[in-house]
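Student: As input, take model_35.txt (compact mmCIF, C-alpha atoms):
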```
# COMPACT_ATOMS: atom_id res chain seq x y z
CA MET A 3 124.07 131.37 65.37
CA GLY A 4 120.39 131.51 64.46
CA CYS A 5 120.94 129.75 61.16
CA SER A 6 118.59 126.88 60.33
CA SER A 7 119.85 123.83 58.57
CA SER A 8 119.04 123.60 54.88
CA ILE A 9 119.69 119.88 54.75
CA ALA A 10 116.47 118.06 53.93
CA THR A 11 115.70 114.76 55.58
CA PRO A 12 116.03 112.09 52.90
CA ARG A 13 112.74 110.47 51.99
CA VAL A 14 112.68 106.71 52.49
CA SER A 15 111.14 104.77 49.64
CA ILE A 16 108.78 101.89 50.27
CA HIS A 17 110.75 100.00 47.63
CA GLU A 18 113.75 100.00 49.97
CA GLN A 19 111.70 98.62 52.83
CA TYR A 20 109.42 96.11 51.09
CA THR A 21 109.76 93.55 48.32
CA PHE A 22 106.60 93.31 46.23
CA SER A 23 105.42 90.05 44.69
CA GLU A 24 102.19 88.75 43.19
CA LYS A 25 99.23 90.96 42.42
CA LEU A 26 96.24 90.16 44.60
CA GLY A 27 93.69 92.48 43.06
CA GLU A 28 93.22 95.60 41.00
CA GLY A 29 90.82 98.39 40.22
CA ALA A 30 90.59 101.54 38.12
CA PHE A 31 92.98 103.59 40.25
CA GLY A 32 95.43 101.02 41.55
CA GLN A 33 96.09 97.54 42.80
CA VAL A 34 96.90 95.36 45.80
CA ARG A 35 100.08 93.30 45.94
CA ALA A 36 101.58 90.86 48.37
CA CYS A 37 104.78 92.18 49.92
CA VAL A 38 107.40 91.28 52.50
CA ASN A 39 109.11 93.59 54.99
CA ASN A 40 112.79 93.23 54.23
CA SER A 41 113.81 93.77 57.87
CA THR A 42 111.25 91.63 59.69
CA GLN A 43 110.28 89.22 56.88
CA LEU A 44 106.64 89.87 57.80
CA ASP A 45 104.17 88.97 55.05
CA CYS A 46 101.87 91.92 54.32
CA ALA A 47 99.78 93.42 51.57
CA VAL A 48 100.16 96.84 50.01
CA LYS A 49 97.44 98.87 48.39
CA ILE A 50 98.95 101.06 45.69
CA VAL A 51 96.88 104.06 44.59
CA ASP A 52 97.75 105.86 41.38
CA THR A 53 97.62 109.54 42.35
CA ASP A 54 98.51 110.54 38.79
CA GLY A 55 100.14 113.77 39.98
CA ARG A 56 96.71 115.14 40.93
CA SER A 57 96.42 117.01 44.21
CA SER A 58 92.81 115.91 44.62
CA ARG A 59 93.76 112.22 44.56
CA ARG A 60 96.65 112.81 46.94
CA LYS A 61 94.34 114.66 49.34
CA ALA A 62 91.88 111.79 49.06
CA THR A 63 94.49 109.21 50.04
CA GLN A 64 95.62 111.44 52.92
CA LYS A 65 92.05 111.52 54.20
CA GLU A 66 91.71 107.77 53.86
CA ALA A 67 94.93 107.35 55.84
CA PHE A 68 93.62 109.76 58.48
CA PHE A 69 90.50 107.70 59.12
CA TRP A 70 92.29 104.36 58.89
CA LYS A 71 94.88 105.50 61.44
CA ARG A 72 92.12 106.95 63.62
CA ALA A 73 90.47 103.53 63.71
CA GLY A 74 93.74 102.15 65.08
CA GLU A 75 94.34 98.53 65.98
CA ASN A 76 91.32 96.36 66.63
CA PRO A 77 90.69 92.63 66.10
CA HIS A 78 87.86 93.44 63.68
CA ILE A 79 89.56 96.16 61.62
CA VAL A 80 92.13 95.43 58.90
CA ASN A 81 95.31 96.80 60.48
CA LEU A 82 97.14 99.61 58.67
CA LEU A 83 100.87 99.22 59.28
CA GLU A 84 102.55 102.02 57.33
CA THR A 85 101.94 104.60 54.62
CA TYR A 86 104.31 105.86 51.96
CA THR A 87 104.09 108.23 49.03
CA ASP A 88 106.16 109.12 45.99
CA ASP A 89 105.65 111.16 42.83
CA SER A 90 103.37 108.56 41.25
CA PHE A 91 101.66 106.55 43.98
CA SER A 92 100.39 106.43 47.52
CA TYR A 93 100.97 103.16 49.39
CA PHE A 94 99.04 101.60 52.28
CA VAL A 95 100.88 98.68 53.89
CA MET A 96 98.38 96.51 55.75
CA GLU A 97 98.00 93.14 57.34
CA ARG A 98 97.38 90.37 54.87
CA CYS A 99 93.98 88.75 55.27
CA GLU A 100 93.35 85.43 53.62
CA ARG A 101 89.73 85.27 52.53
CA SER A 102 86.62 87.22 51.62
CA LEU A 103 83.46 87.11 53.70
CA TYR A 104 81.78 84.87 51.14
CA ASP A 105 84.73 82.46 51.18
CA LEU A 106 84.48 82.12 54.96
CA LEU A 107 80.84 81.05 54.78
CA LEU A 108 81.07 78.92 51.65
CA ASP A 109 83.96 76.92 53.11
CA MET A 110 81.56 75.48 55.71
CA ASP A 111 80.13 72.04 54.98
CA VAL A 112 76.69 72.94 56.35
CA LEU A 113 76.09 76.64 56.88
CA LYS A 114 73.56 77.20 59.62
CA GLU A 115 71.96 80.15 61.35
CA ALA A 116 74.48 79.97 64.18
CA HIS A 117 77.32 80.54 61.74
CA LEU A 118 75.57 83.53 60.20
CA LEU A 119 74.89 85.06 63.60
CA LYS A 120 78.50 84.62 64.64
CA THR A 121 79.64 86.29 61.42
CA PHE A 122 77.16 89.16 61.78
CA ARG A 123 78.36 89.76 65.33
CA GLN A 124 81.97 90.08 64.20
CA MET A 125 80.94 92.53 61.48
CA LEU A 126 79.05 94.51 64.10
CA LEU A 127 82.08 94.60 66.42
CA GLY A 128 84.16 96.26 63.70
CA LEU A 129 81.50 98.90 63.18
CA GLU A 130 81.10 99.49 66.91
CA HIS A 131 84.80 100.25 67.17
CA CYS A 132 84.62 102.76 64.31
CA HIS A 133 81.63 104.47 65.85
CA SER A 134 83.38 104.65 69.23
CA VAL A 135 85.99 106.93 67.64
CA ALA A 136 83.38 108.97 65.72
CA ILE A 137 84.00 107.40 62.30
CA VAL A 138 81.02 106.96 59.98
CA HIS A 139 82.17 104.35 57.47
CA ARG A 140 79.54 105.07 54.77
CA ASP A 141 80.33 102.05 52.59
CA VAL A 142 79.33 98.99 54.59
CA LYS A 143 78.76 96.02 52.27
CA PRO A 144 79.99 92.42 51.89
CA ALA A 145 83.03 93.39 49.81
CA ASN A 146 84.39 95.56 52.60
CA PHE A 147 84.80 92.73 55.08
CA LEU A 148 87.82 90.43 54.91
CA VAL A 149 88.77 87.37 56.95
CA SER A 150 92.13 86.76 58.62
CA ASP A 151 93.88 83.40 58.70
CA GLN A 152 92.62 83.11 62.30
CA GLY A 153 89.04 83.36 61.02
CA LEU A 154 88.40 86.90 62.30
CA VAL A 155 86.06 89.05 60.24
CA LYS A 156 87.58 92.50 59.68
CA LEU A 157 86.18 95.74 58.29
CA CYS A 158 88.26 97.50 55.62
CA ASP A 159 88.19 100.44 53.18
CA PHE A 160 87.97 103.89 54.76
CA GLY A 161 87.88 105.64 51.39
CA LEU A 162 84.45 107.20 51.99
CA ALA A 163 84.62 107.56 55.77
CA HIS A 164 83.43 110.75 57.45
CA LEU A 165 83.90 112.23 60.88
CA GLU A 166 80.69 112.26 62.89
CA LYS A 167 79.67 115.69 64.11
CA ALA A 168 76.89 117.47 65.95
CA GLY A 169 73.89 118.07 63.73
CA GLY A 170 74.78 115.19 61.46
CA ILE A 171 76.56 115.02 58.11
CA THR A 172 75.23 115.18 54.57
CA GLY A 173 76.12 113.90 51.13
CA MET A 174 75.51 110.81 49.05
CA ALA A 175 78.20 108.16 49.38
CA GLY A 176 78.52 104.42 49.13
CA THR A 177 76.78 101.68 47.19
CA ALA A 178 73.14 102.21 46.26
CA PRO A 179 71.56 98.92 47.45
CA PHE A 180 73.05 99.50 50.91
CA MET A 181 72.27 103.22 51.32
CA SER A 182 70.01 104.31 54.20
CA PRO A 183 66.65 106.06 53.71
CA GLU A 184 67.93 109.22 55.38
CA MET A 185 70.89 109.36 53.00
CA VAL A 186 68.92 108.89 49.77
CA LEU A 187 66.31 111.42 50.96
CA GLY A 188 69.00 114.07 51.40
CA GLN A 189 68.61 114.28 55.18
CA SER A 190 71.45 114.61 57.66
CA TYR A 191 72.70 111.36 59.14
CA ASP A 192 75.15 109.90 61.62
CA CYS A 193 76.65 106.52 62.51
CA LYS A 194 73.23 104.90 62.29
CA THR A 195 73.42 105.08 58.49
CA ASP A 196 76.07 102.35 58.82
CA MET A 197 73.65 100.26 60.85
CA TRP A 198 71.13 100.33 58.01
CA SER A 199 73.88 99.35 55.56
CA LEU A 200 74.86 96.45 57.80
CA GLY A 201 71.21 95.40 57.93
CA ALA A 202 71.00 95.47 54.12
CA THR A 203 74.24 93.45 53.94
CA CYS A 204 72.90 90.83 56.34
CA TYR A 205 69.56 90.75 54.49
CA LEU A 206 71.37 89.98 51.24
CA MET A 207 73.32 87.16 52.87
CA LEU A 208 70.22 85.71 54.54
CA TYR A 209 67.78 85.94 51.64
CA GLY A 210 69.96 86.12 48.53
CA ARG A 211 68.39 89.40 47.44
CA TYR A 212 68.57 93.10 48.27
CA PRO A 213 65.96 94.50 50.67
CA TYR A 214 64.58 96.66 47.85
CA GLN A 215 64.03 95.46 44.33
CA VAL A 216 64.41 97.82 41.38
CA LYS A 217 61.23 98.06 39.32
CA ASP A 218 61.20 98.12 35.55
CA GLN A 219 61.47 101.64 34.18
CA GLN A 220 58.14 101.42 32.40
CA ASN A 221 56.39 100.60 35.68
CA GLN A 222 57.71 103.68 37.45
CA PRO A 223 56.17 107.13 36.97
CA GLY A 224 58.87 109.39 35.58
CA GLY A 225 61.33 106.52 35.69
CA LYS A 226 62.05 106.29 31.99
CA ASN A 227 65.36 108.12 32.17
CA LEU A 228 66.50 106.94 35.60
CA SER A 229 69.66 104.90 36.01
CA PRO A 230 69.51 101.62 37.96
CA SER A 231 71.16 103.36 40.91
CA GLU A 232 68.61 106.16 40.91
CA ARG A 233 65.76 103.65 40.71
CA MET A 234 67.26 101.76 43.64
CA GLN A 235 67.55 104.96 45.66
CA ARG A 236 63.95 105.85 44.81
CA ALA A 237 62.78 102.44 46.02
CA ILE A 238 64.68 102.84 49.29
CA GLY A 239 63.44 106.39 49.83
CA SER A 240 59.79 105.55 49.15
CA ASN A 241 59.86 102.12 50.81
CA THR A 242 58.27 100.67 47.68
CA PRO A 243 57.93 97.77 47.67
CA PRO A 244 58.98 97.14 51.28
CA PRO A 245 61.35 94.28 52.17
CA SER A 246 59.59 90.92 52.03
CA TYR A 247 61.94 89.03 54.38
CA GLU A 248 61.65 86.05 52.08
CA ALA A 249 64.26 84.17 50.10
CA ALA A 250 64.74 85.21 46.48
CA SER A 251 63.74 81.71 45.35
CA VAL A 252 63.18 78.28 46.85
CA LEU A 253 66.72 77.93 48.15
CA HIS A 254 66.19 76.88 51.75
CA PRO A 255 62.63 76.02 52.83
CA SER A 256 63.67 76.64 56.45
CA ALA A 257 63.76 80.40 55.77
CA SER A 258 60.34 80.83 57.34
CA LYS A 259 60.84 78.34 60.16
CA PRO A 260 61.57 79.27 63.78
CA SER A 261 65.22 78.27 63.38
CA LEU A 262 65.90 81.52 61.50
CA LEU A 263 63.73 83.85 63.55
CA ARG A 264 66.68 85.15 65.57
CA THR A 265 68.56 86.18 62.45
CA ARG A 266 65.45 87.70 60.92
CA SER A 267 64.80 89.63 64.13
CA PHE A 268 68.34 91.04 64.04
CA VAL A 269 68.01 92.16 60.41
CA ARG A 270 64.59 93.72 61.05
CA ALA A 271 66.00 95.77 63.92
CA LEU A 272 68.81 97.14 61.77
CA LEU A 273 66.41 97.96 58.91
CA THR A 274 64.27 100.24 61.06
CA ARG A 275 63.53 103.11 58.70
CA GLN A 276 63.46 105.85 61.35
CA ALA A 277 67.08 106.47 62.30
CA TYR A 278 66.17 107.64 65.82
CA ALA A 279 64.51 104.26 66.50
CA ARG A 280 67.27 102.20 64.87
CA PRO A 281 69.71 100.63 67.34
CA SER A 282 73.24 101.98 67.54
CA SER A 283 76.11 99.53 67.11
CA SER A 284 76.48 99.23 70.90
CA GLU A 285 72.75 98.69 71.34
CA ALA A 286 72.66 96.12 68.54
CA LEU A 287 75.28 94.03 70.35
CA GLN A 288 72.85 93.79 73.25
CA LEU A 289 70.02 92.43 71.12
CA ARG A 290 68.92 88.93 72.07
CA SER A 291 69.97 87.59 68.67
CA MET A 292 73.56 88.60 69.43
CA GLN A 293 73.53 86.93 72.84
CA PHE A 294 74.09 83.26 72.16
CA ASP A 295 76.45 80.41 72.84
CA MET A 296 77.80 79.06 69.57
CA ALA A 297 78.20 75.51 70.90
CA VAL A 298 74.67 75.38 72.30
CA GLN A 299 73.23 76.96 69.16
CA ASP A 300 75.04 74.48 66.95
CA VAL A 301 73.77 71.51 68.96
CA ALA A 302 70.24 72.88 68.68
CA THR A 303 70.46 72.98 64.89
CA ARG A 304 72.62 69.90 64.34
CA SER A 305 69.68 67.80 63.23
CA GLN A 306 68.87 70.24 60.42
CA GLU A 307 70.69 69.27 57.27
CA VAL A 308 69.48 72.26 55.25
CA SER A 309 72.41 74.55 54.52
CA LEU A 310 72.19 78.28 53.83
CA SER A 311 75.14 78.05 51.43
CA PRO A 312 72.93 78.34 48.29
CA THR A 313 71.73 81.72 49.56
CA ILE A 314 75.29 82.91 50.09
CA ARG A 315 76.19 81.78 46.58
CA LEU A 316 73.25 83.75 45.21
CA ALA A 317 74.30 86.82 47.22
CA LYS A 318 77.83 86.48 45.85
CA GLN A 319 76.45 86.25 42.32
CA MET A 320 74.33 89.37 42.79
CA THR A 321 77.29 91.46 43.92
CA ALA A 322 79.40 90.00 41.11
CA GLU A 323 76.85 91.30 38.61
CA LEU A 324 77.93 94.84 39.57
CA LYS A 325 81.40 94.26 38.18
CA THR A 326 82.89 96.30 35.40
CA PRO A 327 86.09 95.68 33.42
CA VAL A 328 89.44 97.13 34.45
CA ASP A 329 91.24 98.86 31.56
CA PRO A 330 94.07 96.42 30.69
CA THR A 331 96.22 99.17 29.17
CA VAL A 332 96.12 101.23 32.35
CA ALA A 333 96.84 98.15 34.45
CA LYS A 334 99.79 97.17 32.26
CA THR A 335 101.28 100.66 32.46
CA MET A 336 101.02 100.66 36.23
CA ASP A 337 102.60 97.21 36.44
CA ALA A 338 105.55 98.39 34.38
CA LEU A 339 106.14 101.48 36.50
CA ILE A 340 105.94 99.53 39.76
CA GLU A 341 108.38 96.97 38.38
CA GLN A 342 110.80 99.75 37.48
CA LEU A 343 110.60 101.22 40.98
CA GLN A 344 111.19 97.83 42.57
CA GLU A 345 114.14 97.10 40.31
CA GLN A 346 115.86 100.27 41.48
CA PHE A 347 116.16 98.74 44.95
CA ARG A 348 115.38 95.03 44.81
CA GLY A 349 116.13 93.65 41.37
CA PRO A 350 113.59 92.21 38.92
CA LEU A 351 110.05 91.96 40.27
CA MET A 352 108.40 88.58 39.98
CA VAL A 353 104.80 89.21 39.00
CA HIS A 354 102.28 86.41 39.30
CA SER A 355 98.81 87.45 38.20
CA ASN A 356 97.52 84.46 36.28
CA SER A 357 94.52 84.04 38.58
CA LEU A 358 93.61 87.70 38.88
CA PRO A 359 90.01 88.75 38.49
CA ASN A 360 89.50 90.61 35.25
CA ARG A 361 86.67 92.71 36.55
CA GLY A 362 85.97 95.04 39.45
CA GLU A 363 82.54 95.41 41.06
CA LYS A 364 80.77 98.64 40.30
CA SER A 365 78.99 100.30 43.20
CA ILE A 366 76.30 102.68 42.12
CA GLY A 367 75.67 106.19 43.35
CA LEU A 368 73.50 109.11 42.39
CA CYS A 369 73.85 110.26 38.80
CA SER A 370 72.29 113.60 37.98
CA THR A 371 73.66 117.07 37.31
CA ALA A 372 76.34 116.54 39.95
CA SER A 373 79.64 114.86 39.25
CA LEU A 374 80.51 111.54 40.82
CA ARG A 375 83.67 110.56 42.56
CA ARG A 376 84.80 106.96 42.82
CA SER A 377 86.33 104.81 45.50
CA ILE A 378 87.06 101.19 44.73
CA SER A 379 86.48 98.77 47.56
CA HIS A 380 88.50 95.70 48.45
CA GLY A 381 85.88 93.78 46.53
CA GLY A 382 86.55 95.91 43.49
CA GLU A 383 83.22 97.70 43.77
CA PHE A 384 82.93 101.28 42.63
CA SER A 385 81.50 103.26 45.52
CA MET A 386 80.12 106.60 44.55
CA GLY A 387 80.04 109.85 46.44
CA LEU A 388 77.98 112.84 45.33
CA CYS A 389 80.28 115.64 44.18
CA ARG A 390 79.30 119.25 44.00
CA GLN A 391 80.66 121.17 41.06
CA GLY A 392 82.78 124.15 41.95
CA ASP A 393 83.78 122.94 45.39
CA GLU A 394 87.04 124.70 46.15
CA ALA A 395 88.15 122.34 48.89
CA SER A 396 88.74 119.51 46.44
CA ASP A 397 87.61 118.33 43.05
CA CYS A 398 84.79 116.37 44.63
CA SER A 399 83.19 116.75 48.04
CA THR A 400 80.58 114.63 49.74
CA THR A 401 79.62 117.46 52.07
CA LYS A 402 78.18 120.92 51.75
CA LYS A 403 80.50 123.85 51.38
CA GLY A 404 81.56 125.10 54.75
CA ASP A 405 82.52 121.72 56.17
CA GLU A 406 86.02 122.13 57.48
CA ALA A 407 88.79 120.40 55.55
CA SER A 408 90.58 119.85 58.86
CA ASP A 409 87.79 117.49 59.87
CA CYS A 410 88.82 115.26 56.99
CA SER A 411 85.09 115.49 56.32
CA THR A 412 85.32 115.11 52.55
CA ALA A 413 86.53 111.58 53.09
CA ALA A 414 88.56 109.96 50.35
CA SER A 415 86.86 110.10 47.03
CA THR A 416 89.13 108.93 44.28
CA SER A 417 91.02 106.59 46.59
CA SER A 418 91.08 102.97 45.62
CA SER A 419 90.43 100.04 47.90
CA LEU A 420 90.94 97.22 45.59
CA SER A 421 89.57 93.93 44.43
CA THR A 422 90.59 90.79 46.25
CA GLY A 423 87.61 88.47 45.94
CA LYS A 424 88.95 85.19 47.23
CA PHE A 425 92.49 86.36 46.68
CA LYS A 426 94.67 86.96 49.70
CA LEU A 427 94.97 90.44 51.10
```
For the structure just supplied, provide its representation as structure tokens.
Tutor:
Amino acid sequence: MGCSSSIATPRVSIHEQYTFSEKLGEGAFGQVRACVNNSTQLDCAVKIVDTDGRSSRRKATQKEAFFWKRAGENPHIVNLLETYTDDSFSYFVMERCERSLYDLLLDMDVLKEAHLLKTFRQMLLGLEHCHSVAIVHRDVKPANFLVSDQGLVKLCDFGLAHLEKAGGITGMAGTAPFMSPEMVLGQSYDCKTDMWSLGATCYLMLYGRYPYQVKDQQNQPGGKNLSPSERMQRAIGSNTPPPSYEAASVLHPSASKPSLLRTRSFVRALLTRQAYARPSSSEALQLRSMQFDMAVQDVATRSQEVSLSPTIRLAKQMTAELKTPVDPTVAKTMDALIEQLQEQFRGPLMVHSNSLPNRGEKSIGLCSTASLRRSISHGGEFSMGLCRQGDEASDCSTTKKGDEASDCSTAASTSSSLSTGKFKL
């Protein structure tokens, strides 16, 4: 009769579908918990983002979901299974990965170049897939790679992702030590900014130091009032001092020997300062350093007893130094609310968080007259995006006004990809 039904479709709660258990990690805007699908009994993890009733945070989580779903299923991407939302939180149900990138490498008795190359190749495969669907990740760093129980390295955290477009994109986003020269110089950039970030990540894992070292304030002209992040960005932008391609200290004397030349060659290629000359992810996979037989490579290095594990431990320590405390009052309040929601459907929630990290890693971004928006990575690192005051599209935008919201181009700012460290996710 032309009358439309006024009956609303009931909204299904995640708390009906999943039973939450121990906390695996937490950050300023949320946490990650283990969970089980009540129908299939599949073990998963759920990232819970406190949207706090703010439309900007809800939009941010919607954008993160957009890019994560766009990435789809791939062996080297953490698989997003379902998303839910309610009045208080947004939920991302994902596959549960067992270890961090550092754990994978430190579990090896003798870590050799072949193992690093194999790991770097898997990291590169995840990025290549993102780039194939026009996703610029913008926050490539060790904390944003997890390892499955099958030993696969997987890229995670699409909180700062951006859709690639003709003419490039703009805006500061990510973690300062891993930002590309074109980004810190305010130039437009594309997927190749991720390639620089991967190069900086691999450099850290190979040499136990960042490619660029922050100078003391007193030794920098006009640097007296600069934050550590701004000084890092200035060093990257000016190429001063340039990367040394040497270990931070006498950790593995073989660092300058031919046995590591293939890895060094790979890192050098990715840290090409001119973006046009830097290899794309597809081109990087064709580099000679990525074309190797693991068994043959391992036999060739079997006689070398020097392990690269001390360098990985130093790299882990350096990223841990970026950590900042999580407010225990905020965390406790969130725990209580989640427990109440679970009890409505599942009974009392058993919370096991005795071994939780008490800090999250703080990623550094530009601090000036602009506001900063935060996204917390799976490693608990604060990743910063440059926010322009007065942007009507959202509270904080990483792009110039005029970028279409339908692009999901102001990729998730206040979303939270949370700390796991060695904890299961």
Student: Leaving out range 266-268 of chain A and any residue of its chain fewer than 6 positions from it, which residues lie within 8 Å of it when counting only C-alpha atoms, given as a list in words?
Tutor: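 Answer for this query is Tyr247, Leu289, Ser291 and Met292 of chain A.
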Student: With distances taken over only C-alpha atoms, which of A:Lys194, A:Leu228, A:Val308, A:Lys120 is nearest to Ala271 in chain A?
Tutor: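 Nearest to Ala271 in chain A: A:Lys194.
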Student: Can you build me a table of range 131-160 of chain A residues sitting at most 6 Å from range 64-86 of chain A, with the closest atom pair per residue and its distance in Å to one decimal, using all atoms listed in the file, sorted by chain and residue number, as a Markdown table?
Tutor:
```
| residue | atom | partner | partner_atom | distance |
| --- | --- | --- | --- | --- |
| A:Cys132 | CA | A:Ala73 | CA | 5.9 |
| A:Val155 | CA | A:His78 | CA | 5.9 |
| A:Lys156 | CA | A:His78 | CA | 4.1 |
| A:Leu157 | CA | A:Ile79 | CA | 4.8 |
| A:Cys158 | CA | A:Val80 | CA | 5.5 |
| A:Phe160 | CA | A:Glu66 | CA | 5.5 |
```
Student: Using only C-alpha atoms, pick whichever of A:Gln276, A:Ser284, A:Gln344, A:Thr265 has the shortest atom-to-atom distance to Glu115 in chain A.
Tutor: A:Thr265
Student: Counting all atoms listed in the file, figure out which residue out of A:Gly55, A:Ala62, A:Val149, A:Glu100 gets nearest to Leu26 in chain A.
Tutor: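 The shortest atom-to-atom distance to Leu26 in chain A comes from A:Glu100.
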Student: When distances are computed from all atoms listed in the file, which of A:Pro327, A:Gly239, A:Gly153, A:Gly201 shows the smallest separation from Val186 in chain A?
Tutor: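 With all atoms listed in the file as the atom set, the closest residue is A:Gly239.
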Student: So which residues touch Ala249 in chain A within 8 Å, counting only C-alpha atoms, skipping near sequence neighbours fewer than 6 positions away, as a ChimeraX atom specification?
Tutor: /A:208-211,257,313
Student: Please indicate the distance in Å from CA of Asp111 in chain A to CA of Gly128 in chain A, rounded to one decimal place.
Tutor: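 Those two atoms sit 26.1 Å apart.
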Student: Would you mind telling me which residue in A:Arg236, A:Lys143, A:Arg290, A:His131 lies nearest to Ala317 in chain A when using all atoms listed in the file?
Tutor: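 The shortest atom-to-atom distance to Ala317 in chain A comes from A:Lys143.
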Student: Please determine, counting all atoms listed in the file, which residue among A:Ala237, A:Ala145, A:Ile340, A:Cys46 has the shortest atom-to-atom distance to Leu187 in chain A.
Tutor: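 Ranked by minimum distance to Leu187 in chain A, first place goes to A:Ala237.
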Student: Might you pull out every residue within 7 Å of Gln33 in chain A, with all atoms listed in the file counted and same-chain residues fewer than 2 positions away left off, and present them as a ChimeraX atom specification?
Tutor: /A:27-29,35,49-51,420
Student: Quick check, in Å to one decimal: how far apart do CA of Lys334 in chain A and CA of Leu103 in chain A lie?
Tutor: 28.8 Å
Student: Within 10 Å of Asp45 in chain A, counting only C-alpha atoms, which residues qualify if same-chain residues fewer than 5 places away don't, as a list of chain:residue names?
Tutor: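 Surrounding residues, per the criterion: A:Tyr20, A:Thr21, A:Ala36, A:Cys37, A:Val38, A:Asn39, A:Asn40, A:Met96, A:Glu97, A:Arg98.
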Student: Since the input has fewer atoms than a full residue there, write range 185-203 of chain A out with N, CA and C atoms, as a PDB file, in the coordinates of the input.
Tutor:
```pdb
ATOM      1  N   MET A 185      69.886 108.905  53.961  1.00  0.00           N
ATOM      2  CA  MET A 185      70.890 109.360  53.000  1.00  0.00           C
ATOM      3  C   MET A 185      70.265 109.641  51.638  1.00  0.00           C
ATOM      4  N   VAL A 186      69.473 108.706  51.109  1.00  0.00           N
ATOM      5  CA  VAL A 186      68.920 108.890  49.770  1.00  0.00           C
ATOM      6  C   VAL A 186      67.875 110.006  49.742  1.00  0.00           C
ATOM      7  N   LEU A 187      67.292 110.337  50.894  1.00  0.00           N
ATOM      8  CA  LEU A 187      66.310 111.420  50.960  1.00  0.00           C
ATOM      9  C   LEU A 187      66.962 112.777  51.188  1.00  0.00           C
ATOM     10  N   GLY A 188      68.289 112.805  51.256  1.00  0.00           N
ATOM     11  CA  GLY A 188      69.000 114.070  51.400  1.00  0.00           C
ATOM     12  C   GLY A 188      68.968 114.638  52.796  1.00  0.00           C
ATOM     13  N   GLN A 189      68.645 113.826  53.790  1.00  0.00           N
ATOM     14  CA  GLN A 189      68.610 114.280  55.180  1.00  0.00           C
ATOM     15  C   GLN A 189      69.998 114.133  55.803  1.00  0.00           C
ATOM     16  N   SER A 190      70.195 114.792  56.937  1.00  0.00           N
ATOM     17  CA  SER A 190      71.450 114.610  57.660  1.00  0.00           C
ATOM     18  C   SER A 190      71.433 113.243  58.319  1.00  0.00           C
ATOM     19  N   TYR A 191      72.616 112.695  58.553  1.00  0.00           N
ATOM     20  CA  TYR A 191      72.700 111.360  59.140  1.00  0.00           C
ATOM     21  C   TYR A 191      73.938 111.256  60.003  1.00  0.00           C
ATOM     22  N   ASP A 192      74.015 110.142  60.737  1.00  0.00           N
ATOM     23  CA  ASP A 192      75.150 109.900  61.620  1.00  0.00           C
ATOM     24  C   ASP A 192      75.562 108.440  61.499  1.00  0.00           C
ATOM     25  N   CYS A 193      76.164 107.901  62.552  1.00  0.00           N
ATOM     26  CA  CYS A 193      76.650 106.520  62.510  1.00  0.00           C
ATOM     27  C   CYS A 193      75.555 105.502  62.226  1.00  0.00           C
ATOM     28  N   LYS A 194      74.301 105.864  62.489  1.00  0.00           N
ATOM     29  CA  LYS A 194      73.230 104.900  62.290  1.00  0.00           C
ATOM     30  C   LYS A 194      72.973 104.604  60.812  1.00  0.00           C
ATOM     31  N   THR A 195      73.517 105.435  59.922  1.00  0.00           N
ATOM     32  CA  THR A 195      73.420 105.080  58.490  1.00  0.00           C
ATOM     33  C   THR A 195      74.192 103.796  58.219  1.00  0.00           C
ATOM     34  N   ASP A 196      75.299 103.592  58.954  1.00  0.00           N
ATOM     35  CA  ASP A 196      76.070 102.350  58.820  1.00  0.00           C
ATOM     36  C   ASP A 196      75.279 101.146  59.316  1.00  0.00           C
ATOM     37  N   MET A 197      74.439 101.372  60.316  1.00  0.00           N
ATOM     38  CA  MET A 197      73.650 100.260  60.850  1.00  0.00           C
ATOM     39  C   MET A 197      72.632  99.788  59.822  1.00  0.00           C
ATOM     40  N   TRP A 198      72.029 100.731  59.096  1.00  0.00           N
ATOM     41  CA  TRP A 198      71.130 100.330  58.010  1.00  0.00           C
ATOM     42  C   TRP A 198      71.897  99.544  56.961  1.00  0.00           C
ATOM     43  N   SER A 199      73.080 100.038  56.584  1.00  0.00           N
ATOM     44  CA  SER A 199      73.880  99.350  55.560  1.00  0.00           C
ATOM     45  C   SER A 199      74.261  97.952  56.001  1.00  0.00           C
ATOM     46  N   LEU A 200      74.568  97.790  57.280  1.00  0.00           N
ATOM     47  CA  LEU A 200      74.860  96.450  57.800  1.00  0.00           C
ATOM     48  C   LEU A 200      73.612  95.583  57.710  1.00  0.00           C
ATOM     49  N   GLY A 201      72.458  96.151  58.038  1.00  0.00           N
ATOM     50  CA  GLY A 201      71.210  95.400  57.930  1.00  0.00           C
ATOM     51  C   GLY A 201      70.946  94.951  56.506  1.00  0.00           C
ATOM     52  N   ALA A 202      71.196  95.830  55.534  1.00  0.00           N
ATOM     53  CA  ALA A 202      71.000  95.470  54.120  1.00  0.00           C
ATOM     54  C   ALA A 202      71.991  94.399  53.694  1.00  0.00           C
ATOM     55  N   THR A 203      73.217  94.470  54.233  1.00  0.00           N
ATOM     56  CA  THR A 203      74.240  93.450  53.940  1.00  0.00           C
ATOM     57  C   THR A 203      73.804  92.097  54.480  1.00  0.00           C
TER      58      THR A 203
END
```
